file query_7.txt (compact mmCIF, C-alpha atoms)
# COMPACT_ATOMS: atom_id res chain seq x y z
CA MET A 1 -2.19 -25.34 -21.72
CA ARG A 2 -0.97 -22.91 -19.15
CA VAL A 3 -3.27 -21.89 -16.31
CA SER A 4 -2.80 -19.11 -13.81
CA VAL A 5 -5.14 -18.04 -11.06
CA ILE A 6 -4.55 -14.58 -9.64
CA SER A 7 -6.38 -13.05 -6.70
CA ALA A 8 -6.23 -9.44 -5.62
CA GLU A 9 -3.72 -10.34 -2.94
CA ARG A 10 -1.42 -12.82 -4.65
CA ALA A 11 -0.93 -15.31 -7.46
CA VAL A 12 -2.70 -18.42 -6.19
CA PHE A 13 -1.98 -21.03 -8.83
CA GLU A 14 0.31 -21.42 -11.81
CA GLY A 15 0.76 -24.57 -13.83
CA ASP A 16 -0.13 -26.77 -16.78
CA ALA A 17 -3.53 -28.37 -17.11
CA GLU A 18 -5.49 -30.46 -19.54
CA ALA A 19 -8.86 -29.02 -18.61
CA VAL A 20 -10.33 -26.24 -16.53
CA VAL A 21 -13.89 -25.88 -15.31
CA ALA A 22 -14.77 -22.45 -14.02
CA PRO A 23 -17.94 -20.79 -12.73
CA ALA A 24 -18.82 -18.01 -15.16
CA TYR A 25 -21.48 -15.44 -14.30
CA ASP A 26 -24.20 -17.55 -15.99
CA GLY A 27 -23.01 -21.10 -15.40
CA LEU A 28 -20.00 -23.35 -15.64
CA VAL A 29 -17.59 -23.13 -18.55
CA GLY A 30 -15.17 -25.89 -19.48
CA ILE A 31 -11.92 -24.96 -21.20
CA LEU A 32 -9.86 -27.52 -23.06
CA PRO A 33 -6.51 -26.94 -24.76
CA ARG A 34 -6.66 -24.87 -27.97
CA HIS A 35 -9.82 -23.10 -26.93
CA ALA A 36 -10.73 -20.02 -28.98
CA PRO A 37 -9.84 -16.63 -27.45
CA PHE A 38 -12.51 -16.05 -24.86
CA MET A 39 -13.33 -13.63 -22.12
CA THR A 40 -16.07 -13.85 -19.54
CA LEU A 41 -17.03 -12.64 -16.11
CA LEU A 42 -16.71 -14.95 -13.15
CA GLY A 43 -19.44 -15.70 -10.69
CA HIS A 44 -19.02 -17.41 -7.33
CA GLY A 45 -18.00 -21.02 -7.13
CA VAL A 46 -15.25 -23.57 -7.47
CA VAL A 47 -12.66 -23.63 -10.22
CA LYS A 48 -11.48 -27.13 -11.07
CA ILE A 49 -8.08 -27.53 -12.70
CA MET A 50 -7.17 -30.98 -14.08
CA HIS A 51 -3.40 -31.31 -14.11
CA THR A 52 -1.47 -32.62 -17.08
CA GLY A 53 0.05 -36.06 -16.65
CA VAL A 54 -1.27 -36.58 -13.14
CA PRO A 55 -4.17 -39.01 -13.12
CA HIS A 56 -7.01 -37.68 -10.98
CA GLY A 57 -4.80 -34.75 -10.04
CA THR A 58 -7.08 -31.77 -9.64
CA THR A 59 -6.81 -28.48 -7.83
CA ARG A 60 -9.99 -26.90 -6.55
CA LEU A 61 -10.16 -23.22 -5.79
CA GLN A 62 -13.04 -21.22 -4.41
CA VAL A 63 -13.30 -17.99 -6.42
CA ALA A 64 -15.55 -14.95 -6.42
CA GLY A 65 -15.76 -12.07 -8.86
CA GLY A 66 -13.33 -11.06 -11.55
CA PHE A 67 -12.90 -12.52 -14.99
CA LEU A 68 -11.53 -15.37 -17.03
CA GLN A 69 -9.49 -14.91 -20.16
CA VAL A 70 -8.28 -17.45 -22.69
CA ALA A 71 -5.77 -16.58 -25.39
CA TYR A 72 -2.97 -18.49 -27.09
CA ASP A 73 -3.57 -21.56 -24.96
CA VAL A 74 -3.12 -19.55 -21.77
CA VAL A 75 -5.98 -19.44 -19.31
CA ARG A 76 -5.92 -16.58 -16.90
CA ILE A 77 -8.38 -16.46 -14.05
CA VAL A 78 -8.31 -13.11 -12.33
CA ALA A 79 -10.55 -13.26 -9.29
CA ARG A 80 -11.28 -10.76 -6.58
CA SER A 81 -10.76 -13.57 -4.13
CA ALA A 82 -9.43 -17.08 -4.61
CA ALA A 83 -8.53 -19.70 -2.03
CA PRO A 84 -7.94 -23.45 -2.05
CA VAL A 85 -10.96 -25.52 -1.15
CA ALA A 86 -10.41 -27.56 1.98
CA SER A 87 -10.98 -31.18 0.96
CA MET B 1 34.07 18.16 34.49
CA ALA B 2 30.96 16.07 35.15
CA LYS B 3 31.02 13.69 38.07
CA PRO B 4 31.69 10.04 37.22
CA ARG B 5 28.49 8.96 38.91
CA GLU B 6 26.35 11.23 36.74
CA LEU B 7 28.15 10.05 33.66
CA LYS B 8 27.53 6.45 34.66
CA ARG B 9 23.82 7.19 34.95
CA ARG B 10 23.68 8.74 31.50
CA ILE B 11 25.59 5.82 30.01
CA ARG B 12 23.06 3.40 31.43
CA SER B 13 20.14 5.44 30.11
CA VAL B 14 21.60 5.63 26.60
CA GLN B 15 22.31 1.91 26.70
CA ASN B 16 18.69 1.17 27.54
CA THR B 17 17.34 3.45 24.83
CA LYS B 18 19.65 1.83 22.36
CA LYS B 19 18.32 -1.61 23.24
CA ILE B 20 14.79 -0.40 22.57
CA THR B 21 15.57 1.21 19.23
CA LYS B 22 17.55 -1.84 18.18
CA THR B 23 14.58 -4.09 18.94
CA MET B 24 12.18 -1.81 17.09
CA GLU B 25 14.51 -1.90 14.14
CA LEU B 26 14.42 -5.70 14.10
CA VAL B 27 10.65 -5.78 14.47
CA SER B 28 10.23 -3.34 11.58
CA THR B 29 12.58 -5.35 9.42
CA SER B 30 10.51 -8.50 9.77
CA LYS B 31 7.23 -6.64 9.33
CA LEU B 32 8.67 -4.90 6.30
CA LYS B 33 9.48 -8.23 4.74
CA ARG B 34 5.90 -9.43 5.04
CA ALA B 35 4.43 -6.12 3.89
CA GLN B 36 6.77 -6.16 0.92
CA ASP B 37 5.53 -9.62 -0.08
CA ARG B 38 1.99 -8.27 -0.06
CA VAL B 39 2.98 -5.38 -2.31
CA VAL B 40 4.62 -7.75 -4.77
CA GLY B 41 1.72 -10.21 -4.52
CA ALA B 42 -0.81 -7.55 -5.48
CA ARG B 43 1.02 -6.65 -8.67
CA PRO B 44 -0.08 -9.40 -11.12
CA TYR B 45 -3.75 -8.75 -10.39
CA ALA B 46 -3.45 -5.02 -10.97
CA GLN B 47 -1.51 -5.65 -14.16
CA ALA B 48 -4.07 -8.16 -15.46
CA LEU B 49 -6.96 -5.82 -14.72
CA ALA B 50 -5.32 -2.85 -16.40
CA GLU B 51 -4.45 -4.96 -19.41
CA VAL B 52 -7.96 -6.27 -19.92
CA ILE B 53 -9.57 -2.90 -19.41
CA GLY B 54 -7.14 -1.53 -22.00
CA GLN B 55 -8.20 -4.24 -24.42
CA LEU B 56 -11.92 -3.75 -23.94
CA TYR B 57 -11.90 0.01 -23.78
CA SER B 58 -13.10 2.08 -26.66
CA PRO B 59 -13.97 5.77 -26.63
CA GLU B 60 -17.58 5.04 -27.63
CA LEU B 61 -18.02 2.89 -24.55
CA ALA B 62 -16.38 5.46 -22.31
CA GLU B 63 -19.32 7.79 -22.62
CA ARG B 64 -21.58 5.24 -21.03
CA PHE B 65 -19.56 4.76 -17.88
CA PRO B 66 -19.69 7.43 -15.21
CA LEU B 67 -16.43 6.19 -13.69
CA LEU B 68 -14.59 7.15 -16.86
CA ARG B 69 -16.15 10.60 -17.12
CA GLN B 70 -13.46 13.24 -17.35
CA PRO B 71 -14.06 16.56 -15.53
CA GLY B 72 -16.01 19.06 -17.60
CA TYR B 73 -17.22 16.37 -19.91
CA THR B 74 -20.92 16.72 -19.15
CA GLY B 75 -20.86 20.41 -19.93
CA ARG B 76 -21.18 21.51 -16.31
CA GLY B 77 -18.34 23.93 -16.84
CA ALA B 78 -14.76 22.98 -17.37
CA GLY B 79 -12.40 21.71 -14.75
CA VAL B 80 -12.81 20.16 -11.36
CA ARG B 81 -15.50 21.77 -9.17
CA ARG B 82 -15.68 19.36 -6.29
CA ALA B 83 -12.79 17.11 -5.42
CA ALA B 84 -12.17 14.63 -2.65
CA LEU B 85 -8.73 13.92 -1.30
CA LEU B 86 -7.96 10.81 0.66
CA LEU B 87 -4.79 10.88 2.72
CA ILE B 88 -3.30 7.68 4.05
CA THR B 89 -0.98 8.00 7.04
CA SER B 90 0.18 5.59 9.71
CA ASN B 91 -1.35 5.11 13.12
CA ARG B 92 2.00 5.09 14.89
CA GLY B 93 4.93 7.43 15.03
CA LEU B 94 8.67 6.90 15.47
CA CYS B 95 9.15 6.56 11.75
CA GLY B 96 11.06 9.71 10.94
CA ALA B 97 9.53 12.23 8.57
CA PHE B 98 7.24 9.61 7.01
CA ASN B 99 3.92 11.09 8.10
CA ALA B 100 5.13 14.68 7.86
CA ASN B 101 6.03 14.10 4.22
CA LEU B 102 2.64 12.61 3.45
CA ILE B 103 0.85 15.48 5.16
CA ARG B 104 2.94 18.01 3.28
CA GLU B 105 2.07 16.36 -0.03
CA ALA B 106 -1.63 16.37 0.89
CA ARG B 107 -1.52 20.07 1.79
CA ARG B 108 0.25 20.87 -1.45
CA ARG B 109 -2.41 19.00 -3.40
CA LEU B 110 -5.26 20.69 -1.51
CA GLU B 111 -3.78 24.10 -2.24
CA GLU B 112 -3.39 23.21 -5.87
CA LEU B 113 -7.02 22.13 -6.11
CA GLU B 114 -8.25 25.18 -4.28
CA LYS B 115 -6.29 27.40 -6.60
CA GLN B 116 -8.37 25.93 -9.42
CA ASP B 117 -11.47 27.03 -7.49
CA ALA B 118 -12.40 23.52 -6.59
CA HIS B 119 -14.32 22.76 -3.45
CA THR B 120 -12.28 20.16 -1.60
CA GLU B 121 -13.17 17.66 1.03
CA LEU B 122 -10.72 15.67 3.06
CA HIS B 123 -10.88 11.99 3.95
CA LEU B 124 -8.30 10.63 6.33
CA VAL B 125 -6.92 7.22 7.15
CA GLY B 126 -4.49 6.88 10.05
CA LYS B 127 -4.11 8.66 13.39
CA LYS B 128 -1.22 10.88 12.39
CA GLY B 129 -3.06 12.60 9.57
CA ILE B 130 -6.17 12.98 11.67
CA SER B 131 -4.40 14.62 14.58
CA TYR B 132 -2.61 17.03 12.26
CA PHE B 133 -5.72 18.19 10.44
CA LYS B 134 -7.69 18.37 13.68
CA PHE B 135 -4.96 20.64 14.99
CA THR B 136 -5.29 22.92 11.97
CA LYS B 137 -9.07 22.90 12.48
CA ARG B 138 -9.85 21.74 8.98
CA ASN B 139 -13.13 20.11 8.15
CA ILE B 140 -12.68 16.39 7.88
CA ALA B 141 -15.24 14.59 5.75
CA SER B 142 -14.43 11.14 7.05
CA GLN B 143 -11.75 9.48 9.10
CA ARG B 144 -10.80 6.02 10.22
CA ILE B 145 -7.98 4.50 12.21
CA ASP B 146 -8.88 0.81 12.18
CA ILE B 147 -6.88 -0.18 9.13
CA GLY B 148 -3.44 -0.47 10.70
CA ASP B 149 -0.57 -2.15 8.96
CA ARG B 150 -2.43 -5.12 7.49
CA PRO B 151 -4.90 -3.58 5.06
CA THR B 152 -7.29 -6.00 3.35
CA LEU B 153 -9.32 -5.83 0.19
CA GLU B 154 -12.41 -5.24 2.31
CA HIS B 155 -10.86 -2.10 3.78
CA ALA B 156 -10.14 -0.85 0.27
CA ALA B 157 -13.69 -1.67 -0.85
CA GLU B 158 -15.19 0.17 2.12
CA LEU B 159 -13.12 3.24 1.35
CA ALA B 160 -13.70 3.19 -2.40
CA LYS B 161 -17.43 2.43 -2.45
CA PRO B 162 -18.89 5.70 -1.14
CA LEU B 163 -16.43 7.70 -3.22
CA MET B 164 -17.34 5.78 -6.38
CA GLU B 165 -21.04 6.20 -5.72
CA ARG B 166 -20.75 9.90 -5.19
CA PHE B 167 -18.56 10.24 -8.23
CA SER B 168 -21.09 8.38 -10.36
CA ASN B 169 -23.90 10.58 -9.06
CA GLY B 170 -21.94 13.64 -10.05
CA ASP B 171 -21.35 14.87 -6.48
CA LEU B 172 -17.63 14.70 -7.08
CA ASP B 173 -15.55 15.53 -10.14
CA ALA B 174 -12.31 13.98 -9.00
CA VAL B 175 -10.90 11.78 -6.27
CA ASP B 176 -7.22 11.87 -5.38
CA VAL B 177 -5.35 9.57 -3.06
CA VAL B 178 -2.17 10.68 -1.30
CA PHE B 179 -0.07 7.71 -0.22
CA ALA B 180 3.53 6.58 0.07
CA LYS B 181 4.68 4.84 -3.06
CA PHE B 182 6.81 1.86 -2.23
CA ASN B 183 9.71 1.86 -4.68
CA SER B 184 12.03 0.17 -2.23
CA ALA B 185 12.56 0.10 1.51
CA VAL B 186 14.54 3.34 1.34
CA SER B 187 12.65 5.12 -1.44
CA THR B 188 9.05 5.82 -0.49
CA PRO B 189 8.10 9.16 -2.01
CA PRO B 190 4.69 10.59 -1.08
CA THR B 191 2.58 10.38 -4.20
CA THR B 192 -0.75 11.70 -5.40
CA LEU B 193 -2.80 9.38 -7.53
CA ARG B 194 -6.04 10.37 -9.22
CA ILE B 195 -8.17 7.26 -8.91
CA LEU B 196 -11.35 8.86 -10.26
CA PRO B 197 -12.08 9.51 -13.03
CA ILE B 198 -10.23 6.48 -14.31
CA ALA B 199 -7.65 7.73 -16.76
CA ALA B 200 -8.60 6.62 -20.22
CA PRO B 201 -6.42 3.58 -20.82
CA GLU B 202 -4.24 3.60 -23.87
CA LYS B 203 -5.92 1.62 -26.55
CA ARG B 204 -4.19 -1.67 -27.06
CA ARG B 205 -6.22 -3.30 -29.76
CA SER B 206 -4.95 -6.81 -29.40
CA ALA B 207 -4.56 -9.07 -32.41
CA VAL B 208 -6.75 -11.57 -30.61
CA ASN B 209 -10.42 -11.41 -31.42
CA TYR B 210 -12.07 -12.48 -28.22
CA ILE B 211 -15.42 -14.15 -27.84
CA LEU B 212 -16.94 -11.90 -25.20
CA LYS B 213 -19.61 -13.11 -22.90
CA PRO B 214 -21.42 -10.94 -21.86
CA SER B 215 -20.67 -7.90 -24.03
CA ALA B 216 -17.59 -5.72 -23.62
CA ALA B 217 -19.75 -3.04 -22.01
CA GLU B 218 -21.07 -5.41 -19.38
CA ILE B 219 -17.64 -6.79 -18.61
CA LEU B 220 -16.27 -3.28 -18.25
CA GLU B 221 -19.10 -2.36 -15.95
CA GLN B 222 -17.99 -5.12 -13.58
CA LEU B 223 -14.28 -4.56 -13.93
CA LEU B 224 -14.06 -0.78 -13.60
CA PRO B 225 -15.14 -0.71 -9.94
CA LEU B 226 -12.75 -3.58 -9.26
CA TYR B 227 -9.99 -1.54 -10.84
CA VAL B 228 -10.68 1.46 -8.62
CA GLN B 229 -10.89 -0.80 -5.59
CA ASN B 230 -7.60 -2.38 -6.49
CA GLN B 231 -5.87 0.98 -6.83
CA MET B 232 -7.13 1.83 -3.37
CA TYR B 233 -5.86 -1.50 -2.07
CA ARG B 234 -2.45 -0.93 -3.58
CA ALA B 235 -2.23 2.53 -2.05
CA LEU B 236 -2.99 1.04 1.37
CA VAL B 237 -0.58 -1.85 1.03
CA GLU B 238 2.24 0.28 -0.30
CA THR B 239 1.81 2.83 2.47
CA ALA B 240 1.89 0.07 5.07
CA ALA B 241 5.12 -1.31 3.64
CA ALA B 242 6.61 2.16 3.33
CA GLU B 243 5.81 2.87 6.97
CA HIS B 244 7.83 -0.14 8.10
CA GLY B 245 10.66 0.84 5.80
CA ALA B 246 10.67 4.37 7.20
CA ARG B 247 10.55 3.09 10.77
CA ARG B 248 13.42 0.73 10.17
CA THR B 249 15.57 3.54 8.80
CA ALA B 250 14.62 5.88 11.63
CA MET B 251 15.38 3.26 14.26
CA LYS B 252 18.66 2.32 12.63
CA ASN B 253 19.70 5.96 12.71
CA ALA B 254 18.68 6.19 16.35
CA THR B 255 20.67 3.08 17.23
CA ASP B 256 23.73 4.41 15.42
CA ALA B 257 23.43 7.78 17.13
CA GLY B 258 23.14 5.96 20.45
CA SER B 259 26.38 4.06 19.75
CA ASP B 260 28.21 7.28 18.92
CA MET B 261 26.93 8.92 22.05
CA LEU B 262 27.96 5.95 24.15
CA THR B 263 31.54 6.06 22.83
CA ILE B 264 31.88 9.71 23.79
CA LEU B 265 30.25 9.24 27.19
CA GLN B 266 32.37 6.20 27.97
CA ARG B 267 35.53 8.11 27.07
CA THR B 268 34.54 11.08 29.20
CA PHE B 269 33.73 8.75 32.06
CA ASN B 270 37.09 6.98 31.83
CA ARG B 271 38.90 10.28 31.75
CA ALA B 272 36.99 11.53 34.79
CA ARG B 273 37.76 8.34 36.68
CA GLN B 274 41.43 8.57 35.73
CA ALA B 275 41.55 12.19 36.81
CA GLN B 276 40.03 11.31 40.16
CA ILE B 277 42.57 8.55 40.78
CA THR B 278 45.44 10.80 39.79
CA GLN B 279 44.17 13.47 42.11
CA GLU B 280 43.80 11.08 45.02
CA LEU B 281 47.32 9.76 44.47
CA ALA B 282 48.69 13.29 44.37
CA GLU B 283 46.93 14.02 47.64
CA ILE B 284 48.31 10.91 49.32
CA VAL B 285 51.83 11.61 48.11
CA GLY B 286 51.48 15.24 49.17
CA GLY B 287 50.28 14.16 52.61
CA ALA B 288 53.16 11.73 53.04
CA GLU B 289 55.66 14.38 52.00
CA ALA B 290 54.17 16.77 54.53
CA LEU B 291 54.49 14.18 57.34
CA LYS B 292 58.15 13.50 56.48
CA GLY B 293 58.85 17.24 56.53
call {"tool": "encode", "arguments": {"input": "query_7.txt", "output": "structure tokens"}}
result
Amino acid sequence: MRVSVISAERAVFEGDAEAVVAPAYDGLVGILPRHAPFMTLLGHGVVKIMHTGVPHGTTRLQVAGGFLQVAYDVVRIVARSAAPVAS
Amino acid sequence: MAKPRELKRRIRSVQNTKKITKTMELVSTSKLKRAQDRVVGARPYAQALAEVIGQLYSPELAERFPLLRQPGYTGRGAGVRRAALLLITSNRGLCGAFNANLIREARRRLEELEKQDAHTELHLVGKKGISYFKFTKRNIASQRIDIGDRPTLEHAAELAKPLMERFSNGDLDAVDVVFAKFNSAVSTPPTTLRILPIAAPEKRRSAVNYILKPSAAEILEQLLPLYVQNQMYRALVETAAAEHGARRTAMKNATDAGSDMLTILQRTFNRARQAQITQELAEIVGGAEALKG
């Protein structure tokens, strides 16, 4: 599935993933491919994106505010702020 | 005819000015590039927000959100009674008619509002707007000059928050922003945007039936302020980019004018020098002739 992370200032991430874990307003949500259309508010926390075909390849992004939308196997995370987590 | 020495002095002065304007042109070009990237970068977010609000919006919900309340809706008489106008200008000059155009647009809008018997208040961002309206002795509701040419989301939030609060309380019926729309580096028309009330989005009932968590109303409640904030942010970013575009054009024109002036001065100088030499020669020859005599 396609994942894009957009912050107010720029598009932060764009790519394919086999799973996404995101901090919703009331706890973590995990999204796998072919998830039902879904929309929720984001809280504060770290979004984890597991890349397709790359073992242990994950991107972590600190996000705050905004929303998450899933439709037609496209996950769109629109956050007020989003930045890579320093590992 | 002017003396060669004076001409020489003027040539040097024009040359120096030209160096300065040329440098400013280059500086603006590189700043413009970065500002332009920010304008483009802010687009997907604004688009996504507008799209989702359009999908969640329904007229029944609209009545519950003060930010969507159209003027005259609550039966307090039709039309706009109290309006706020926020004008964004630059802090620095030397950018042609950029600020003058923005100020003119703001004045036009104020007049228009006052003609509708609205009480207007003026909020200013940027030194140029402030000094103009101070000069005309207009009441300024708020002013700030610390935003400069790298506006952030925090700046936008700070500007939007009090206005949104007062709009929700019913102290204001409308909020307009006057800013420079950044179409391209050479097309930056001053534009008025009504950020409050939020214009009812066109209903785009999507075929997708979303699972909403929390409810549509609660999601809208969070997203509407973000939307207003984002519009403010875009106005700031676009104005910043437009300022650099305007400065680049102004400085390019100045450099070109300097080159033209230099050509003419140089030609005049050469002619004056030639004339002097010819005259001296004539004098020498005349003197020699006289001695022979």
call {"tool": "closest_residue", "arguments": {"input": "query_7.txt", "among": "B:Glu121, B:Asp149, B:Glu105, B:Glu25", "to": "Leu236 (chain B)", "atoms": "all atoms listed in the file"}}
result
B:Asp149
call {"tool": "closest_residue", "arguments": {"input": "query_7.txt", "among": "A:Phe13, A:Gly27, A:Phe38, A:Pro84", "to": "chain B", "atoms": "all atoms listed in the file"}}
result
A:Phe38
call {"tool": "interface_residues", "arguments": {"input": "query_7.txt", "of": "chain B", "to": "chain A", "cutoff": "10 Å", "atoms": "all atoms listed in the file", "output": "NGL selection string"}}
result
:B and (37-46 or 48-49 or 52 or 152-153 or 208-216 or 218-220 or 222-223 or 226 or 229-230 or 233-234 or 237)
call {"tool": "residues_around", "arguments": {"input": "query_7.txt", "residues": "region 31-35 of chain A", "least_positions_apart": "6", "cutoff": "7 Å", "atoms": "only C-alpha atoms", "output": "PyMOL selection string"}}
result
chain A and resi 1+18-21+73
call {"tool": "atom_distance", "arguments": {"input": "query_7.txt", "atom1": "CA of Val125 (chain B)", "atom2": "CA of Arg92 (chain B)"}}
result
12.0 Å
call {"tool": "atom_distance", "arguments": {"input": "query_7.txt", "atom1": "CA of Thr89 (chain B)", "atom2": "CA of Lys128 (chain B)"}}
result
6.1 Å
call {"tool": "residues_around", "arguments": {"input": "query_7.txt", "residues": "Lys181 (chain B)", "least_positions_apart": "4", "cutoff": "7 Å", "atoms": "all atoms listed in the file", "output": "JSON, numbers by chain"}}
result
{"B": [188, 189, 190, 191, 238, 239]}
call {"tool": "closest_residue", "arguments": {"input": "query_7.txt", "among": "A:Val3, A:Val75, A:Ala17, A:Val46", "to": "Gln62 (chain A)", "atoms": "all atoms listed in the file"}}
result
A:Val46
call {"tool": "decode", "arguments": {"input": "query_7.txt", "residues": "region 94-102 of chain B", "atoms": "all heavy atoms", "output": "short mmCIF file (atom, residue, chain, number, x, y, z; two decimals), in the first residue's frame"}}
result
data_model
loop_
_atom_site.label_atom_id
_atom_site.label_comp_id
_atom_site.auth_asym_id
_atom_site.auth_seq_id
_atom_site.Cartn_x
_atom_site.Cartn_y
_atom_site.Cartn_z
N LEU B 94 12.89 48.75 -1.13
CA LEU B 94 13.64 48.46 -2.35
C LEU B 94 13.07 47.25 -3.09
O LEU B 94 13.80 46.37 -3.53
CB LEU B 94 15.13 48.23 -2.06
CG LEU B 94 15.95 49.48 -1.71
CD1 LEU B 94 17.39 49.12 -1.48
CD2 LEU B 94 15.84 50.51 -2.82
N CYS B 95 11.75 47.20 -3.15
CA CYS B 95 11.14 46.11 -3.91
C CYS B 95 10.04 46.67 -4.80
O CYS B 95 8.98 46.06 -4.97
CB CYS B 95 10.62 45.02 -2.99
SG CYS B 95 9.76 45.64 -1.55
N GLY B 96 10.28 47.84 -5.35
CA GLY B 96 9.34 48.41 -6.30
C GLY B 96 8.03 48.79 -5.64
O GLY B 96 8.02 49.23 -4.49
N ALA B 97 6.94 48.56 -6.35
CA ALA B 97 5.63 48.99 -5.85
C ALA B 97 4.97 47.91 -5.00
O ALA B 97 3.79 47.99 -4.70
CB ALA B 97 4.72 49.34 -7.02
N PHE B 98 5.75 46.91 -4.60
CA PHE B 98 5.20 45.76 -3.88
C PHE B 98 4.33 46.14 -2.69
O PHE B 98 3.15 45.79 -2.61
CB PHE B 98 6.36 44.87 -3.44
CG PHE B 98 5.96 43.68 -2.63
CD1 PHE B 98 5.33 42.61 -3.23
CD2 PHE B 98 6.21 43.63 -1.27
CE1 PHE B 98 4.96 41.51 -2.48
CE2 PHE B 98 5.85 42.54 -0.51
CZ PHE B 98 5.23 41.47 -1.12
N ASN B 99 4.93 46.91 -1.77
CA ASN B 99 4.17 47.29 -0.57
C ASN B 99 3.06 48.27 -0.89
O ASN B 99 1.97 48.19 -0.32
CB ASN B 99 5.11 47.86 0.48
CG ASN B 99 5.98 46.79 1.09
OD1 ASN B 99 5.48 45.79 1.57
ND2 ASN B 99 7.28 46.98 1.02
N ALA B 100 3.35 49.20 -1.80
CA ALA B 100 2.33 50.20 -2.18
C ALA B 100 1.10 49.51 -2.73
O ALA B 100 -0.03 49.89 -2.41
CB ALA B 100 2.91 51.17 -3.20
N ASN B 101 1.30 48.46 -3.53
CA ASN B 101 0.16 47.74 -4.08
C ASN B 101 -0.66 47.05 -3.00
O ASN B 101 -1.89 47.05 -3.03
CB ASN B 101 0.64 46.67 -5.08
CG ASN B 101 1.12 47.30 -6.37
OD1 ASN B 101 0.77 48.44 -6.68
ND2 ASN B 101 1.92 46.57 -7.12
N LEU B 102 0.05 46.46 -2.04
CA LEU B 102 -0.65 45.78 -0.94
C LEU B 102 -1.45 46.77 -0.13
O LEU B 102 -2.61 46.52 0.23
CB LEU B 102 0.35 45.06 -0.04
CG LEU B 102 0.93 43.76 -0.60
CD1 LEU B 102 2.10 43.30 0.24
CD2 LEU B 102 -0.13 42.69 -0.65
#
